[in-house]
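K.L.:
Here you go, this is final_9.cif (mmCIF, C-alpha atoms and all ligand atoms).
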data_final
loop_
_atom_site.label_atom_id
_atom_site.label_comp_id
_atom_site.auth_asym_id
_atom_site.auth_seq_id
_atom_site.Cartn_x
_atom_site.Cartn_y
_atom_site.Cartn_z
CA MET A 689 -11.54 26.30 7.07
CA SER A 690 -8.71 25.09 9.29
CA ASN A 691 -6.06 22.86 7.76
CA ALA A 692 -5.23 21.32 11.11
CA PRO A 693 -5.76 17.56 11.35
CA THR A 694 -8.95 16.35 13.00
CA GLU A 695 -8.90 14.26 16.18
CA GLU A 696 -10.31 10.79 15.55
CA THR A 697 -11.01 7.87 17.87
CA VAL A 698 -9.45 4.43 17.53
CA ILE A 699 -12.21 1.86 17.04
CA ASP A 700 -10.17 -1.32 16.61
CA VAL A 701 -6.56 -2.52 16.41
CA GLU A 702 -5.33 -5.86 15.11
CA HIS A 703 -1.76 -7.16 15.25
CA TYR A 704 -0.65 -9.70 12.65
CA THR A 705 3.06 -10.10 13.36
CA ASP A 706 5.74 -8.23 15.28
CA ARG A 707 6.12 -6.08 12.12
CA LEU A 708 2.53 -5.51 10.94
CA PHE A 709 -0.76 -4.26 12.37
CA SER A 710 -3.97 -2.64 11.18
CA PHE A 711 -6.29 -0.16 12.87
CA ASN A 712 -9.64 1.52 12.31
CA ILE A 713 -10.53 5.07 13.33
CA SER A 714 -13.66 7.17 13.23
CA ARG A 715 -14.35 9.02 9.98
CA PRO A 716 -15.54 12.62 9.90
CA LYS A 717 -18.81 12.93 8.00
CA SER A 718 -17.25 15.43 5.61
CA PHE A 719 -14.17 13.27 4.84
CA ARG A 720 -14.28 12.13 1.18
CA PHE A 721 -11.56 10.21 -0.66
CA ARG A 722 -11.10 8.19 -3.82
CA SER A 723 -10.25 4.49 -3.37
CA GLY A 724 -6.44 4.13 -3.50
CA GLU A 725 -5.60 7.58 -2.09
CA PHE A 726 -3.44 8.31 0.95
CA ILE A 727 -3.78 10.75 3.85
CA MET A 728 -1.55 12.08 6.65
CA ILE A 729 -1.91 10.25 9.95
CA GLY A 730 -0.30 11.15 13.28
CA LEU A 731 -0.48 11.17 17.05
CA PRO A 732 -0.88 14.20 19.32
CA ALA A 733 2.49 15.85 20.07
CA LEU A 734 4.28 14.72 23.24
CA PRO A 735 5.10 17.42 25.83
CA ASP A 736 8.64 17.73 24.41
CA GLN A 737 7.45 17.96 20.77
CA LYS A 738 6.63 21.22 18.99
CA ARG A 739 4.20 19.56 16.62
CA PRO A 740 2.78 16.10 15.97
CA VAL A 741 4.69 13.64 13.75
CA MET A 742 2.52 12.95 10.71
CA ARG A 743 3.12 10.32 8.01
CA ALA A 744 1.36 9.37 4.77
CA TYR A 745 -0.87 6.31 4.94
CA SER A 746 -2.96 4.76 2.20
CA VAL A 747 -6.57 4.37 3.23
CA ALA A 748 -7.24 0.62 3.18
CA SER A 749 -11.00 0.80 3.70
CA PRO A 750 -13.46 1.35 0.88
CA SER A 751 -14.77 4.87 0.27
CA TRP A 752 -18.30 3.93 1.38
CA ASP A 753 -17.24 2.64 4.81
CA GLU A 754 -18.17 4.47 8.01
CA SER A 755 -14.70 4.10 9.53
CA LEU A 756 -11.20 4.46 8.08
CA GLU A 757 -8.81 1.50 8.07
CA PHE A 758 -5.01 1.59 7.81
CA PHE A 759 -2.39 -1.16 7.53
CA SER A 760 0.94 -0.29 9.10
CA ILE A 761 4.45 -1.51 9.63
CA LYS A 762 6.01 -1.28 13.11
CA VAL A 763 9.45 0.27 13.12
CA PRO A 764 10.94 -0.08 16.63
CA ASP A 765 12.62 3.35 16.56
CA GLY A 766 10.36 4.91 13.90
CA PRO A 767 9.29 8.47 14.84
CA LEU A 768 5.60 7.60 14.42
CA THR A 769 5.17 3.82 14.36
CA SER A 770 7.14 3.22 17.58
CA ARG A 771 4.19 4.97 19.31
CA LEU A 772 1.41 4.17 16.85
CA GLN A 773 1.87 0.41 17.30
CA LYS A 774 0.79 0.83 20.95
CA ILE A 775 -2.57 2.52 20.26
CA LYS A 776 -5.67 1.02 21.82
CA LYS A 777 -9.41 1.34 21.34
CA GLY A 778 -10.55 4.80 22.48
CA ASP A 779 -7.17 6.51 21.87
CA THR A 780 -6.88 9.63 19.68
CA VAL A 781 -5.29 9.56 16.21
CA LEU A 782 -4.81 12.68 14.09
CA LEU A 783 -6.22 12.60 10.56
CA GLY A 784 -5.16 15.01 7.80
CA ARG A 785 -7.79 16.79 5.74
CA LYS A 786 -6.64 16.30 2.17
CA PRO A 787 -6.47 12.82 0.67
CA VAL A 788 -4.27 12.60 -2.46
CA GLY A 789 -2.52 10.02 -4.59
CA THR A 790 -1.98 8.43 -7.97
CA LEU A 791 -3.12 4.85 -7.32
CA VAL A 792 -6.61 5.77 -8.47
CA LEU A 793 -8.71 4.38 -11.30
CA ASP A 794 -8.86 7.82 -12.96
CA ALA A 795 -5.07 7.89 -13.49
CA LEU A 796 -5.26 4.90 -15.83
CA LEU A 797 -6.63 4.59 -19.34
CA PRO A 798 -9.35 1.98 -19.87
CA GLY A 799 -8.06 -1.58 -20.34
CA LYS A 800 -8.93 -5.24 -20.00
CA ARG A 801 -6.85 -6.36 -17.02
CA LEU A 802 -5.76 -4.39 -13.96
CA TYR A 803 -2.65 -5.61 -12.15
CA MET A 804 -2.02 -4.49 -8.57
CA PHE A 805 1.56 -5.34 -7.56
CA SER A 806 2.18 -5.01 -3.83
CA THR A 807 4.74 -5.91 -1.19
CA GLY A 808 4.30 -5.71 2.59
CA THR A 809 1.99 -2.86 3.65
CA GLY A 810 1.84 -1.82 -0.02
CA ILE A 811 -1.35 -3.90 -0.25
CA ALA A 812 -3.25 -1.15 1.65
CA PRO A 813 -4.47 1.01 -1.28
CA PHE A 814 -5.51 -2.16 -3.09
CA ALA A 815 -7.48 -3.31 -0.03
CA SER A 816 -9.58 -0.22 -0.71
CA LEU A 817 -9.75 -0.62 -4.48
CA ILE A 818 -10.78 -4.30 -4.44
CA ARG A 819 -13.79 -3.30 -2.31
CA ASP A 820 -14.85 -0.61 -4.78
CA PRO A 821 -17.54 -1.68 -7.30
CA GLU A 822 -16.07 0.69 -9.90
CA THR A 823 -12.91 -1.44 -10.11
CA TYR A 824 -15.00 -4.36 -11.36
CA GLU A 825 -17.06 -2.16 -13.66
CA ARG A 826 -13.93 -0.89 -15.40
CA TYR A 827 -11.94 -4.14 -15.80
CA ASP A 828 -12.65 -7.73 -16.85
CA GLN A 829 -9.94 -9.09 -14.59
CA ILE A 830 -8.09 -7.84 -11.51
CA ILE A 831 -4.79 -9.54 -10.62
CA LEU A 832 -3.67 -8.59 -7.11
CA THR A 833 -0.19 -9.81 -6.19
CA HIS A 834 1.15 -9.61 -2.64
CA THR A 835 4.72 -10.59 -1.82
CA CYS A 836 6.02 -10.69 1.73
CA ARG A 837 8.91 -12.16 3.64
CA GLN A 838 6.89 -14.65 5.72
CA LYS A 839 3.53 -16.38 5.63
CA ALA A 840 2.08 -14.55 8.65
CA GLU A 841 2.53 -11.27 6.75
CA LEU A 842 0.08 -12.44 4.10
CA SER A 843 -2.80 -12.94 6.56
CA TYR A 844 -4.27 -9.43 6.29
CA GLY A 845 -4.69 -9.79 2.52
CA LEU A 846 -5.74 -13.44 2.56
CA ARG A 847 -8.46 -12.76 5.10
CA LEU A 848 -9.68 -9.68 3.26
CA VAL A 849 -9.96 -11.44 -0.11
CA GLU A 850 -11.73 -14.41 1.53
CA SER A 851 -14.24 -12.03 3.13
CA LEU A 852 -15.11 -10.46 -0.23
CA LYS A 853 -17.07 -13.57 -1.28
CA ASP A 854 -19.78 -12.57 1.18
CA ASP A 855 -19.43 -8.82 0.68
CA PRO A 856 -22.90 -7.36 0.11
CA LEU A 857 -21.63 -4.71 -2.31
CA VAL A 858 -18.98 -6.37 -4.48
CA GLY A 859 -19.40 -10.10 -3.63
CA GLU A 860 -21.51 -10.89 -6.68
CA MET A 861 -19.67 -8.55 -9.04
CA ILE A 862 -16.34 -10.20 -8.30
CA GLY A 863 -17.29 -13.72 -9.44
CA ASP A 864 -14.00 -15.02 -10.82
CA LYS A 865 -12.74 -11.55 -11.83
CA LEU A 866 -10.35 -11.18 -8.91
CA LEU A 867 -7.18 -13.26 -8.80
CA HIS A 868 -5.10 -12.97 -5.62
CA LEU A 869 -1.56 -14.28 -6.13
CA THR A 870 0.66 -14.49 -3.06
CA SER A 871 4.38 -15.20 -2.93
CA LEU A 872 7.02 -15.36 -0.22
CA THR A 873 10.71 -14.58 -0.31
CA ARG A 874 12.01 -15.90 3.00
CA GLU A 875 9.91 -19.01 3.77
CA ASP A 876 8.84 -22.09 1.83
CA TYR A 877 5.64 -21.48 -0.09
CA PRO A 878 4.02 -22.73 -3.32
CA LEU A 879 5.05 -19.53 -5.14
CA LYS A 880 8.47 -18.26 -4.10
CA GLY A 881 10.26 -15.09 -5.16
CA ARG A 882 10.07 -11.33 -5.49
CA ILE A 883 7.45 -9.89 -7.84
CA THR A 884 10.32 -8.68 -10.04
CA SER A 885 11.66 -12.25 -10.39
CA LEU A 886 8.18 -13.60 -11.12
CA ILE A 887 7.69 -11.03 -13.89
CA GLU A 888 11.14 -11.65 -15.36
CA SER A 889 10.81 -15.43 -15.33
CA GLY A 890 7.25 -15.26 -16.67
CA ASP A 891 6.04 -17.40 -13.74
CA LEU A 892 3.59 -14.65 -12.83
CA PHE A 893 1.81 -14.87 -16.18
CA THR A 894 1.89 -18.68 -16.25
CA ASN A 895 0.38 -18.82 -12.77
CA ALA A 896 -2.30 -16.28 -13.65
CA GLY A 897 -3.03 -18.01 -16.96
CA VAL A 898 -2.67 -14.78 -18.93
CA PRO A 899 -0.38 -13.54 -21.72
CA PRO A 900 2.65 -11.39 -20.78
CA LEU A 901 2.02 -7.69 -20.05
CA ASN A 902 1.04 -5.60 -23.06
CA PRO A 903 0.11 -1.91 -23.31
CA GLU A 904 -3.07 -2.59 -25.34
CA GLU A 905 -4.82 -4.67 -22.68
CA ASP A 906 -3.03 -4.27 -19.37
CA ARG A 907 -2.99 -1.55 -16.71
CA VAL A 908 -0.75 -1.70 -13.65
CA MET A 909 -0.63 -0.16 -10.17
CA ILE A 910 2.51 -0.65 -8.05
CA CYS A 911 2.88 -0.09 -4.29
CA GLY A 912 5.75 -1.09 -2.01
CA SER A 913 9.15 0.14 -0.88
CA LYS A 914 11.05 2.64 -3.02
CA ASP A 915 13.38 -0.03 -4.40
CA MET A 916 10.49 -2.39 -5.15
CA ILE A 917 8.67 0.38 -7.04
CA ASP A 918 11.73 1.45 -9.02
CA ASP A 919 12.61 -2.11 -10.02
CA THR A 920 9.04 -3.16 -10.82
CA ALA A 921 8.26 0.05 -12.74
CA LYS A 922 11.37 -0.46 -14.86
CA LEU A 923 10.23 -3.96 -15.80
CA VAL A 924 6.66 -2.83 -16.52
CA ALA A 925 7.96 0.03 -18.70
CA GLY A 926 10.08 -2.55 -20.53
CA PHE A 927 6.83 -4.16 -21.75
CA GLY A 928 5.91 -0.83 -23.35
CA LEU A 929 3.54 0.55 -20.67
CA LYS A 930 3.78 4.28 -19.95
CA GLU A 931 3.48 5.93 -16.53
CA GLY A 932 0.30 7.94 -15.90
CA SER A 933 -0.92 10.51 -13.40
CA ASN A 934 -4.15 12.20 -12.38
CA SER A 935 -3.71 14.88 -15.02
CA GLN A 936 -2.40 12.53 -17.69
CA PRO A 937 -3.85 9.01 -17.40
CA ALA A 938 -1.72 6.29 -19.01
CA GLU A 939 -0.91 2.61 -18.51
CA PHE A 940 0.73 2.29 -15.09
CA VAL A 941 0.96 4.24 -11.82
CA VAL A 942 3.16 3.90 -8.71
CA GLU A 943 3.17 4.95 -5.05
CA LYS A 944 5.57 4.38 -2.21
CA SER A 945 4.12 2.65 0.84
CA PHE A 946 4.81 4.37 4.12
CA VAL A 947 7.83 3.37 6.24
CA GLY A 948 8.97 4.92 9.54
P1 LIG B 1001 13.24 -9.93 0.11
O1 LIG B 1001 12.82 -10.81 1.23
O2 LIG B 1001 14.03 -10.66 -0.96
O3 LIG B 1001 13.94 -8.66 0.57
P2 LIG B 1001 9.89 -5.49 3.14
O4 LIG B 1001 9.09 -6.08 4.26
O5 LIG B 1001 11.36 -5.38 3.41
O6 LIG B 1001 9.31 -4.21 2.60
O7 LIG B 1001 9.78 -6.53 1.96
C1 LIG B 1001 8.54 -6.97 1.47
C2 LIG B 1001 8.80 -7.85 0.29
O8 LIG B 1001 9.33 -7.06 -0.78
C3 LIG B 1001 9.83 -8.94 0.57
O9 LIG B 1001 9.32 -10.15 0.05
C4 LIG B 1001 11.06 -8.45 -0.17
O10 LIG B 1001 11.89 -9.46 -0.65
C5 LIG B 1001 10.44 -7.72 -1.35
N1 LIG B 1001 11.36 -6.75 -1.96
C6 LIG B 1001 12.29 -6.00 -1.34
N2 LIG B 1001 12.97 -5.22 -2.21
C7 LIG B 1001 12.45 -5.49 -3.43
C8 LIG B 1001 12.74 -5.00 -4.75
N3 LIG B 1001 13.69 -4.11 -4.99
N4 LIG B 1001 12.00 -5.50 -5.77
C9 LIG B 1001 11.03 -6.42 -5.54
N5 LIG B 1001 10.72 -6.91 -4.33
C10 LIG B 1001 11.42 -6.47 -3.27
#
Represent the supplied structure as structure tokens.
Ligand code: A2P

P.N.:
Amino acid sequence: MSNAPTEETVIDVEHYTDRLFSFNISRPKSFRFRSGEFIMIGLPALPDQKRPVMRAYSVASPSWDESLEFFSIKVPDGPLTSRLQKIKKGDTVLLGRKPVGTLVLDALLPGKRLYMFSTGTGIAPFASLIRDPETYERYDQIILTHTCRQKAELSYGLRLVESLKDDPLVGEMIGDKLLHLTSLTREDYPLKGRITSLIESGDLFTNAGVPPLNPEEDRVMICGSKDMIDDTAKLVAGFGLKEGSNSQPAEFVVEKSFVG
């Protein structure tokens, strides 16, 4: 079988701010992935390019959905996103064949609470996981945090979580199991500060009404920029949680969200 990416059709594009947009593309019938995994995405090579520019993107849609959704940053001179941000319905997007990643339920040991710490487009893998019934079967409580610079950058997540109430598959399972905590760093907002500051000050746990992180009950997934991941993982490890992987499930897992 060829390893070349497949050519998919853009179904829908939505712009949230001058830095963020989401898009949906067709999904090949044979394309399977686990909620939380990422895949290579690209655009056909330009006449002066030898090969297409491909980048890793977390799949934001649930694994049962007919189309594939992605949440992307726009980097004005980024090799891929400078072009990708201009796609329109009907355009062609290249889709890799092999989804992979560590932000999957199987890379964590069973626990009581599942934290999903995200910044910016790092919410994408969690957008998939919070629409997966298995997430609610495995955990009593899901705490999804999303920290952005400005309010408009929270809209993708706020709208998604709001829509879950009426979701035919997970709507009833969710009940009050899912807590969505949003914070901003560069605009006034009820909860202000980086996720790292909120963990350090304990404000995160006070706001969620839960005890501080502990390796017996809590499992953590982290997705954001490299610095955000490094800093947050260090704090989480400081509470005694150990990093896991697909081959060796443990108490927390991390993945860098795409930039460029
Ligand atoms: P800040 O505004 O203080 O830089 P970005 O859009 O640049 O990826 O940032 C998304 C969010 O992640 C912003 O709120 C930003 O805060 C925050 N952030 C950036 N670096 C870190 C880090 N090292 N640890 C935690 N949060 C971070």

K.L.:
For ligand LIG 1001 (chain B), which of A:Gly932, A:Gly730, A:Gly810, A:Gly799 is the closest residue, counting all atoms listed in the file?

P.N.:
A:Gly810

K.L.:
Taking all atoms listed in the file into account, which of A:Val747, A:Leu929, A:Ala815, A:Leu708 comes nearest ligand LIG 1001 (chain B)?

P.N.:
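Comparing A:Val747, A:Leu929, A:Ala815, A:Leu708 against ligand LIG 1001 (chain B), the winner is A:Leu708.
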
K.L.:
Neighbouring residues of ligand LIG 1001 (chain B) are defined here as those with any atom at most 8 Å from a ligand atom, counting all atoms listed in the file; list them as a list in words.

P.N.:
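Counting all atoms listed in the file, the residues within 8 Å of ligand LIG 1001 (chain B) come out as Thr807, Gly808, Thr809, Thr835, Cys836, Arg837, Gln838, Ser871, Leu872, Thr873, Arg874, Gly881, Arg882, Ile883, Thr884, Ser885, Gly912, Ser913, Lys914, Asp915, Met916, Ile917, Asp918, Asp919 and Thr920 of chain A.
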
K.L.:
Using only C-alpha atoms, which of the listed residues (A:Glu757, A:Pro787, A:Asp906, A:Glu725) sits closest to Val942 (chain A)?

P.N.:
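Using only C-alpha atoms, Val942 (chain A) sits closest to A:Glu725.
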
K.L.:
Measuring atom to atom with all atoms listed in the file, identify which of A:Gly784, A:Asp765, A:Glu841, A:Arg722 is nearest to Glu822 (chain A).

P.N.:
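Under the stated criterion, the closest residue is A:Arg722.
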
K.L.:
Of the residues A:Lys944, A:Pro903, A:Pro716, A:Leu768, which is the one nearest to Ala925 (chain A), using all atoms listed in the file?

P.N.:
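Of the candidates, the smallest distance to Ala925 (chain A) is held by A:Pro903.
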
K.L.:
Name all residues at most 7 Å from Arg743 (chain A) (count only C-alpha atoms; drop same-chain ones fewer than 2 positions away) and give them as a PDB file with C-alpha atoms, keeping the file's coordinate frame.

P.N.:
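Output contents, as saved in around11.pdb:
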ATOM      1  CA  MET A 728      -1.550  12.080   6.650  1.00  0.00           C
ATOM      2  CA  ILE A 729      -1.910  10.250   9.950  1.00  0.00           C
ATOM      3  CA  GLY A 730      -0.300  11.150  13.280  1.00  0.00           C
ATOM      4  CA  VAL A 741       4.690  13.640  13.750  1.00  0.00           C
ATOM      5  CA  TYR A 745      -0.870   6.310   4.940  1.00  0.00           C
TER       6      TYR A 745
END
